[in-house]
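query_14.txt follows; it contains compact mmCIF, C-alpha atoms.
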```txt
# COMPACT_ATOMS: atom_id res chain seq x y z
CA MET X 1019 3.13 8.07 25.08
CA ASN X 1020 5.85 10.34 26.36
CA ASP X 1021 7.74 9.74 23.13
CA PHE X 1022 4.99 11.58 21.34
CA SER X 1023 4.58 14.53 23.69
CA GLU X 1024 6.74 16.76 21.54
CA ILE X 1025 4.79 16.08 18.34
CA GLU X 1026 1.51 16.36 20.26
CA ASN X 1027 2.51 19.80 21.48
CA GLU X 1028 3.45 20.86 17.97
CA LEU X 1029 0.10 19.65 16.67
CA LYS X 1030 -1.79 21.50 19.38
CA LYS X 1031 -0.12 24.71 18.28
CA LEU X 1032 -1.87 24.38 14.93
CA ARG X 1033 -5.14 26.27 15.10
CA PRO X 1034 -8.00 25.09 12.87
CA ALA X 1035 -9.43 27.73 10.56
CA GLN X 1036 -12.41 29.63 11.94
CA VAL X 1037 -15.87 29.20 10.48
CA SER X 1038 -17.49 32.05 8.61
CA ARG X 1039 -19.85 34.47 10.33
CA GLU X 1040 -22.40 33.52 7.73
CA LEU X 1041 -22.55 30.03 9.20
CA PHE X 1042 -23.65 31.43 12.55
CA VAL X 1043 -26.42 33.36 10.82
CA ARG X 1044 -27.57 30.30 8.92
CA ILE X 1045 -27.66 28.18 12.06
CA GLU X 1046 -29.56 30.85 13.91
CA GLN X 1047 -32.15 30.97 11.14
CA LYS X 1048 -32.46 27.21 11.10
CA LEU X 1049 -32.85 26.97 14.87
CA ALA X 1050 -35.45 29.73 14.80
CA GLY X 1051 -37.37 28.03 12.00
CA PRO X 1052 -39.98 25.30 12.37
CA GLN X 1053 -38.81 21.81 13.10
CA ILE X 1054 -39.41 19.04 10.62
CA SER X 1055 -41.40 16.20 12.05
CA GLU X 1056 -39.11 13.22 12.36
CA HIS X 1057 -41.82 10.65 12.72
CA LYS X 1058 -42.44 10.58 9.00
CA ILE X 1059 -38.84 10.07 8.14
CA ILE X 1060 -38.16 6.51 9.16
CA ARG X 1061 -41.17 4.88 7.57
CA PRO X 1062 -40.44 5.61 3.93
CA ASN X 1063 -37.07 3.93 4.27
CA ARG X 1064 -38.62 0.80 5.63
CA PHE X 1065 -41.41 0.72 3.10
CA ARG X 1066 -39.21 1.51 0.17
CA VAL X 1067 -37.14 -1.55 0.84
CA ASN X 1068 -40.05 -3.74 1.78
CA TRP X 1069 -41.77 -3.05 -1.53
CA VAL X 1070 -39.35 -5.45 -3.17
CA ALA X 1071 -40.32 -8.26 -0.83
CA ILE X 1072 -43.97 -7.27 -1.02
CA GLY X 1073 -43.77 -7.30 -4.82
CA PHE X 1074 -42.42 -10.81 -4.86
CA GLY X 1075 -44.99 -11.85 -2.30
CA LEU X 1076 -47.80 -10.44 -4.42
CA ALA X 1077 -46.43 -12.20 -7.48
CA ALA X 1078 -46.41 -15.47 -5.58
CA ALA X 1079 -49.94 -14.80 -4.32
CA ALA X 1080 -51.11 -13.97 -7.85
CA LEU X 1081 -49.67 -17.24 -9.09
CA PHE X 1082 -51.51 -19.08 -6.37
CA ILE X 1083 -54.78 -17.32 -7.23
CA VAL X 1084 -54.36 -18.23 -10.90
CA LEU X 1085 -53.88 -21.85 -9.96
CA ALA X 1086 -56.88 -21.74 -7.66
CA GLN X 1087 -58.94 -20.08 -10.40
CA ILE X 1088 -58.21 -22.94 -12.74
CA SER X 1089 -59.67 -25.28 -10.16
CA THR X 1090 -62.81 -23.23 -9.53
CA ASP X 1091 -63.39 -22.76 -13.28
CA ARG X 1092 -63.57 -26.47 -13.74
CA THR X 1093 -65.66 -27.30 -10.71
CA PRO X 1094 -68.98 -25.73 -11.98
CA LYS X 1095 -68.70 -27.69 -15.22
CA GLN X 1096 -68.62 -30.78 -13.15
CA GLY X 1097 -71.74 -29.61 -11.27
CA ASP X 1098 -73.58 -28.89 -14.53
CA SER X 1099 -72.85 -32.30 -15.83
CA ILE X 1100 -74.17 -33.86 -12.71
CA ALA X 1101 -77.43 -31.92 -13.00
CA GLN X 1102 -78.04 -32.85 -16.61
CA ILE X 1103 -76.98 -36.40 -16.72
CA SER X 1104 -79.07 -39.10 -15.27
CA PRO X 1105 -77.58 -41.04 -12.41
CA ALA X 1106 -76.68 -43.94 -14.63
CA PRO X 1107 -73.63 -45.81 -13.43
CA GLU X 1108 -71.80 -45.43 -16.76
CA THR X 1109 -72.26 -41.61 -16.69
CA ARG X 1110 -70.72 -41.40 -13.28
CA SER X 1111 -67.73 -43.28 -14.48
CA VAL X 1112 -67.25 -40.61 -17.20
CA LEU X 1113 -67.35 -37.87 -14.57
CA THR X 1114 -64.52 -39.39 -12.66
CA GLY X 1115 -62.26 -38.44 -15.58
CA PRO X 1116 -62.55 -34.64 -15.26
CA GLU X 1117 -62.61 -34.92 -11.49
CA GLY X 1118 -59.26 -36.58 -11.61
CA SER X 1119 -57.87 -33.87 -13.88
CA ILE X 1120 -59.23 -31.15 -11.56
CA SER X 1121 -57.47 -32.56 -8.62
CA SER X 1122 -54.29 -32.82 -10.64
CA SER X 1123 -54.24 -29.03 -11.04
CA GLU X 1124 -55.01 -28.23 -7.42
CA PHE X 1125 -51.95 -26.97 -5.64
CA VAL X 1126 -52.09 -26.26 -1.97
CA PRO X 1127 -49.53 -24.22 -0.07
CA ALA X 1128 -47.00 -26.61 1.39
CA GLY X 1129 -44.54 -24.28 3.05
CA ALA X 1130 -42.62 -21.06 3.08
CA THR X 1131 -39.08 -20.51 4.22
CA GLN X 1132 -37.04 -17.41 4.74
CA VAL X 1133 -33.32 -17.97 5.12
CA VAL X 1134 -31.21 -15.04 6.27
CA TYR X 1135 -27.79 -15.69 4.82
CA ASN X 1136 -26.14 -12.36 5.54
CA THR X 1137 -26.58 -9.54 8.03
CA ARG X 1138 -24.60 -6.38 7.51
CA ASN X 1139 -24.25 -3.49 9.91
CA GLU X 1140 -24.23 -0.37 7.75
CA GLY X 1141 -23.52 2.04 10.57
CA LEU X 1142 -25.36 4.93 12.11
CA GLN X 1143 -27.82 7.00 10.14
CA PHE X 1144 -29.88 10.09 10.67
CA PRO X 1145 -32.53 9.71 7.97
CA GLY X 1146 -33.76 13.04 6.60
CA GLY X 1147 -34.20 15.38 9.49
CA SER X 1148 -34.26 12.78 12.22
CA GLU X 1149 -32.27 13.70 15.27
CA GLN X 1150 -32.09 10.27 16.79
CA PRO X 1151 -29.33 8.02 15.49
CA LEU X 1152 -30.46 4.77 13.96
CA ARG X 1153 -28.43 1.65 13.40
CA ARG X 1154 -28.96 0.45 9.82
CA LEU X 1155 -28.94 -3.32 9.43
CA ARG X 1156 -29.31 -5.03 6.09
CA TYR X 1157 -30.63 -8.57 6.04
CA GLN X 1158 -30.09 -10.53 2.87
CA MET X 1159 -32.52 -13.40 2.55
CA GLN X 1160 -33.66 -16.15 0.27
CA GLN X 1161 -37.42 -16.62 0.37
CA THR X 1162 -38.99 -19.81 -0.86
CA TRP X 1163 -42.68 -20.63 -1.34
CA GLN X 1164 -43.87 -24.14 -2.04
CA TRP X 1165 -47.13 -25.60 -3.27
CA ARG X 1166 -47.96 -29.27 -3.62
CA ASN X 1167 -50.59 -31.19 -5.45
CA PRO X 1168 -51.84 -33.84 -3.01
CA ALA X 1169 -53.33 -35.92 -5.81
CA THR X 1170 -50.33 -36.16 -8.09
CA GLY X 1171 -47.55 -35.37 -5.68
CA ALA X 1172 -46.31 -32.63 -8.00
CA SER X 1173 -44.79 -29.63 -6.33
CA LEU X 1174 -44.20 -26.04 -7.34
CA GLN X 1175 -41.51 -23.93 -5.79
CA VAL X 1176 -40.80 -20.21 -6.17
CA SER X 1177 -37.58 -18.91 -4.73
CA TYR X 1178 -36.21 -15.40 -4.84
CA PRO X 1179 -33.64 -13.27 -3.03
CA SER X 1180 -34.71 -10.27 -1.01
CA ASP X 1181 -33.11 -7.53 1.02
CA GLU X 1182 -34.59 -5.97 4.09
CA ILE X 1183 -33.22 -2.93 5.83
CA VAL X 1184 -34.08 -2.43 9.45
CA LEU X 1185 -33.39 0.81 11.26
CA ILE X 1186 -32.96 0.33 14.98
CA PRO X 1187 -33.09 3.43 17.15
CA ILE X 1188 -30.16 3.70 19.53
CA SER X 1189 -30.20 5.83 22.60
CA GLY X 1190 -27.43 8.28 23.38
CA GLN X 1191 -24.91 7.54 26.11
CA MET Z 1135 -13.87 21.92 27.37
CA GLU Z 1136 -15.53 20.68 30.56
CA ASN Z 1137 -17.62 23.82 30.85
CA ILE Z 1138 -19.23 23.29 27.49
CA ALA Z 1139 -21.71 20.86 29.00
CA SER Z 1140 -23.22 23.59 31.12
CA HIS Z 1141 -23.58 26.19 28.36
CA GLU Z 1142 -27.15 26.99 27.52
CA ASP Z 1143 -26.44 29.36 24.69
CA TRP Z 1144 -25.83 27.58 21.41
CA LYS Z 1145 -23.60 30.37 20.17
CA SER Z 1146 -21.08 29.99 22.95
CA CYS Z 1147 -21.06 26.21 22.49
CA PHE Z 1148 -20.77 26.48 18.77
CA SER Z 1149 -18.04 29.12 18.93
CA GLU Z 1150 -15.86 26.75 20.89
CA LEU Z 1151 -16.62 23.67 18.83
CA ALA Z 1152 -16.99 25.08 15.33
CA PRO Z 1153 -13.34 25.20 14.18
CA GLY Z 1154 -12.75 21.61 15.30
CA LEU Z 1155 -16.05 20.45 13.79
CA LEU Z 1156 -15.22 22.16 10.51
CA LEU Z 1157 -11.80 20.52 10.44
CA PHE Z 1158 -13.46 17.17 11.18
CA ALA Z 1159 -16.01 17.63 8.37
CA ARG Z 1160 -13.38 18.65 5.86
CA GLN Z 1161 -11.94 15.16 5.92
CA TRP Z 1162 -14.76 14.05 3.65
CA VAL Z 1163 -15.28 17.10 1.48
CA ARG Z 1164 -12.59 19.30 0.07
CA SER Z 1165 -14.73 22.36 -0.24
CA ARG Z 1166 -14.96 24.55 2.83
CA ALA Z 1167 -18.51 25.54 1.88
CA ASP Z 1168 -19.60 21.90 1.78
CA ALA Z 1169 -17.94 21.28 5.13
CA GLU Z 1170 -19.83 24.24 6.61
CA ASP Z 1171 -23.08 22.83 5.22
CA ILE Z 1172 -22.39 19.53 6.95
CA VAL Z 1173 -21.50 21.23 10.23
CA GLN Z 1174 -24.62 23.35 10.04
CA GLU Z 1175 -26.93 20.42 9.39
CA ALA Z 1176 -25.32 18.32 12.12
CA PHE Z 1177 -25.28 21.02 14.75
CA VAL Z 1178 -28.87 22.09 14.12
CA LYS Z 1179 -30.05 18.50 14.29
CA PHE Z 1180 -28.05 17.85 17.43
CA TRP Z 1181 -28.97 21.07 19.21
CA ARG Z 1182 -32.69 20.76 18.57
CA ARG Z 1183 -32.65 17.48 20.38
CA ASN Z 1184 -30.15 18.11 23.12
CA HIS Z 1185 -29.98 21.86 23.83
CA LYS Z 1186 -26.57 21.29 25.41
CA ILE Z 1187 -23.34 19.56 24.60
CA ASP Z 1188 -23.30 16.67 27.03
CA ASN Z 1189 -22.66 13.96 24.48
CA ARG Z 1190 -19.97 15.12 22.13
CA GLY Z 1191 -19.53 11.63 20.73
CA LEU Z 1192 -23.05 11.83 19.36
CA LEU Z 1193 -22.40 15.24 17.84
CA TYR Z 1194 -19.36 13.97 15.96
CA ALA Z 1195 -21.23 10.82 14.97
CA THR Z 1196 -23.89 13.13 13.52
CA VAL Z 1197 -21.33 15.09 11.52
CA ARG Z 1198 -19.78 11.86 10.27
CA SER Z 1199 -23.11 10.35 9.32
CA ILE Z 1200 -24.24 13.44 7.42
CA ALA Z 1201 -20.90 13.64 5.61
CA LEU Z 1202 -21.07 9.98 4.59
CA ASP Z 1203 -24.72 10.32 3.54
CA ARG Z 1204 -23.77 13.26 1.39
CA ILE Z 1205 -21.03 11.23 -0.28
CA ARG Z 1206 -23.39 8.33 -0.94
CA ARG Z 1207 -26.15 10.62 -2.17
CA ASP Z 1208 -24.04 12.48 -4.62
CA SER Z 1209 -21.43 10.04 -5.82
CA ARG Z 1210 -20.92 11.80 -9.13
CA ARG Z 1211 -20.11 14.99 -7.38
CA THR Z 1212 -17.71 13.15 -5.08
CA ARG Z 1213 -16.01 11.69 -8.10
CA ARG Z 1214 -15.64 15.11 -9.62
CA GLU Z 1215 -14.23 16.38 -6.36
CA ALA Z 1216 -11.82 13.48 -6.14
CA GLU Z 1217 -10.65 14.19 -9.67
CA ALA Z 1218 -10.24 17.85 -8.86
CA VAL Z 1219 -8.30 16.97 -5.73
CA SER Z 1220 -6.00 14.59 -7.55
CA GLU Z 1221 -5.34 17.25 -10.18
CA SER Z 1222 -4.53 19.89 -7.64
CA GLU Z 1223 -3.40 17.74 -4.76
CA LYS Z 1224 -0.68 20.09 -3.76
CA VAL Z 1225 -2.97 23.10 -3.70
CA VAL Z 1226 -4.73 22.20 -0.49
CA LYS Z 1227 -6.93 24.93 0.87
CA PRO Z 1228 -5.67 25.84 4.30
CA GLN Z 1229 -7.45 24.03 7.09
CA PHE Z 1230 -5.32 25.66 9.74
CA GLU Z 1231 -4.38 29.19 10.56
CA LEU Z 1232 -0.77 28.72 9.66
CA LEU Z 1233 1.90 30.73 11.34
CA ASP Z 1234 5.19 29.59 9.86
CA GLU Z 1235 6.78 27.09 7.51
CA THR Z 1236 7.20 24.47 10.21
CA GLN Z 1237 3.51 24.49 10.91
CA PHE Z 1238 2.75 24.40 7.20
CA ALA Z 1239 4.90 21.28 6.89
CA LEU Z 1240 3.20 19.69 9.88
CA ALA Z 1241 -0.25 20.45 8.44
CA ALA Z 1242 0.81 18.88 5.15
CA ALA Z 1243 2.07 15.82 7.03
CA VAL Z 1244 -1.32 15.49 8.74
CA GLU Z 1245 -2.94 15.62 5.29
CA ARG Z 1246 -0.84 12.66 4.18
CA LEU Z 1247 -1.94 10.41 7.03
CA PRO Z 1248 -4.27 7.50 6.25
CA HIS Z 1249 -7.86 8.59 6.67
CA GLU Z 1250 -8.58 6.32 9.65
CA GLN Z 1251 -5.65 7.73 11.58
CA ARG Z 1252 -6.29 11.35 10.61
CA GLU Z 1253 -9.92 11.04 11.70
CA VAL Z 1254 -8.92 9.96 15.21
CA LEU Z 1255 -6.11 12.52 15.38
CA VAL Z 1256 -8.43 15.38 14.43
CA MET Z 1257 -10.96 14.37 17.07
CA LYS Z 1258 -8.30 13.92 19.75
CA ILE Z 1259 -6.03 16.91 19.18
CA TRP Z 1260 -8.28 19.65 17.86
CA ASN Z 1261 -11.60 18.56 19.31
CA GLU Z 1262 -10.30 17.19 22.62
CA LEU Z 1263 -12.50 14.13 22.60
CA THR Z 1264 -11.71 11.23 24.88
CA PHE Z 1265 -10.99 7.84 23.36
CA ALA Z 1266 -14.39 6.71 24.67
CA GLU Z 1267 -16.10 9.55 22.78
CA ILE Z 1268 -14.06 8.86 19.65
CA ALA Z 1269 -14.90 5.18 19.86
CA TYR Z 1270 -18.62 6.00 20.13
CA ALA Z 1271 -18.52 8.46 17.24
CA ILE Z 1272 -16.76 6.11 14.84
CA GLY Z 1273 -18.16 2.82 16.08
CA ILE Z 1274 -14.86 1.22 17.04
CA SER Z 1275 -13.37 0.07 20.33
CA GLN Z 1276 -11.47 2.43 22.58
CA ASN Z 1277 -8.35 0.34 22.12
CA THR Z 1278 -8.60 0.68 18.36
CA ALA Z 1279 -9.08 4.42 18.69
CA ALA Z 1280 -6.02 4.68 20.92
CA SER Z 1281 -3.98 2.52 18.55
CA ARG Z 1282 -4.91 4.62 15.54
CA TYR Z 1283 -3.94 7.73 17.47
CA ARG Z 1284 -0.54 6.27 18.35
CA TYR Z 1285 0.03 5.13 14.77
CA ALA Z 1286 -0.79 8.63 13.55
CA LEU Z 1287 1.64 10.24 15.97
CA ALA Z 1288 4.32 7.72 15.10
CA ALA Z 1289 3.82 8.35 11.39
CA LEU Z 1290 3.98 12.09 11.89
CA LYS Z 1291 7.09 11.74 13.97
CA ARG Z 1292 8.72 9.74 11.21
CA MET Z 1293 7.64 12.23 8.53
CA PHE Z 1294 8.49 15.26 10.55
CA GLN Z 1295 11.69 14.13 12.18
CA PRO Z 1296 13.57 12.17 9.52
CA GLN Z 1297 16.75 10.42 10.60
```

Please re-express this file's structure in structure tokens.
Amino acid sequence: MNDFSEIENELKKLRPAQVSRELFVRIEQKLAGPQISEHKIIRPNRFRVNWVAIGFGLAAAALFIVLAQISTDRTPKQGDSIAQISPAPETRSVLTGPEGSISSSEFVPAGATQVVYNTRNEGLQFPGGSEQPLRRLRYQMQQTWQWRNPATGASLQVSYPSDEIVLIPISGQ
Amino acid sequence: MENIASHEDWKSCFSELAPGLLLFARQWVRSRADAEDIVQEAFVKFWRRNHKIDNRGLLYATVRSIALDRIRRDSRRTRREAEAVSESEKVVKPQFELLDETQFALAAAVERLPHEQREVLVMKIWNELTFAEIAYAIGISQNTAASRYRYALAALKRMFQPQ
């Protein structure tokens, strides 16, 4: 380090430019003014990012509801037929046809996976007005939803990528 | 600098820290006015929470974070600034109170340092931060901070004292 003492001394002789007086006034005004509540700051960040995942989740749920609706639409028809038709053996054998087709369209949830394939530390942040530093971590994931038809063995799979940003408060040293 | 921790009055704290903070902020923005905006936002945020300077690493981390946020938020403006800087690279607005030609040359040499090294140098020389505080502010190890500092000094020595 001694090799650098001369250059260090020369550097220390350089004096950084002074700030303007106006800056003092502005800071004084800011410090005298009302504080912005920081509690509201973090949430929008989380929710904004989560909307993507929520959107995909809702789409998957909607798909499931549509499939379920198909099943429920067909079930009453089956009931009506039973009420109108006499319990003759041949009639019952006809009913087994639609029943089989109903079950072939019934998909039941078979699983959901969420694979985190990348985690990135995006450094410290002070989201809008917050005074506490937050560590911003981005998780990149692949989410997969699966449905299976027990009768036919057919399966349906929806897979989509998603990002999630998590802000972790860190305490000062 | 040790007495800063006991100051209760923000003005006395800020008076001592402001020139170094401004120099630190100007690494990311070329305009002095923008740098003052960053310093203002960071100091107000920091002071409201702490009311004293007992964690300078956090203060500089705040300045750095706000500066980087500003760059991300306004990338078009940054691009315009970068273009303006490249066009008038030699017309650097003075960041130091220059006294003579030697100091002017030294200031220019500091400007030419890689950003990572200049950042550590500015915090060490003109803000008198320890390597531990620098490491906390930037999010690197103390050894890395010390290495960058030595590389900066070595580079300056080479630039300033040619064989």

| note | Atom pair CA of Gln1161 in chain Z + CA of Ala1176 in chain Z, distance 15.1 Å

| said: Using only C-alpha atoms, list the residues that have an atom at most 12 Å from (-3.8, 24.0, 23.4), coordinates as in the file, as a ChimeraX atom specification. | reply: /X:1026-1034 /Z:1135,1258-1262

Would you save the residues from that selection as a compact mmCIF listing (two decimals), in the coordinates of the input, using C-alpha atoms?
```
# COMPACT_ATOMS: atom_id res chain seq x y z
CA GLU X 1026 1.51 16.36 20.26
CA ASN X 1027 2.51 19.80 21.48
CA GLU X 1028 3.45 20.86 17.97
CA LEU X 1029 0.10 19.65 16.67
CA LYS X 1030 -1.79 21.50 19.38
CA LYS X 1031 -0.12 24.71 18.28
CA LEU X 1032 -1.87 24.38 14.93
CA ARG X 1033 -5.14 26.27 15.10
CA PRO X 1034 -8.00 25.09 12.87
CA MET Z 1135 -13.87 21.92 27.37
CA LYS Z 1258 -8.30 13.92 19.75
CA ILE Z 1259 -6.03 16.91 19.18
CA TRP Z 1260 -8.28 19.65 17.86
CA ASN Z 1261 -11.60 18.56 19.31
CA GLU Z 1262 -10.30 17.19 22.62
```

| message | Using all atoms listed in the file, I'd like every residue of chain X that has an atom within 8 Å of chain Z; please write them out as a VMD selection string. | response | chain X and resid 1019 1022 1025 to 1026 1028 to 1030 1032 to 1037 1041 to 1042 1044 to 1045 1048 to 1049 1141 to 1144 1147 to 1149 1151 1190 to 1191

| task | May I ask for the distance between CA of Val1163 in chain Z and CA of Leu1151 in chain Z, given in Å to one decimal place? | result | 18.6 Å

| Counting all atoms listed in the file, what is within 7 Å of Val1254 in chain Z, bar same-chain residues fewer than 2 positions away, as a ChimeraX atom specification? | /Z:1250-1252,1256-1258,1268,1279,1282-1283

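Note that the spacing between CA of Ser1173 in chain X and CA of Ala1078 in chain X amounts to 14.3 Å.
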
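Of the listed residues X:Gln1087, X:Gln1047, X:Gln1158, X:Ser1023, the one whose atoms come nearest to Tyr1135 in chain X is X:Gln1158, with distances taken using all atoms listed in the file.
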
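Of the listed residues X:Gln1164, X:Ser1189, X:Ser1038, X:Ser1180, the one whose atoms come nearest to Ala1130 in chain X is X:Gln1164, with distances taken using all atoms listed in the file.
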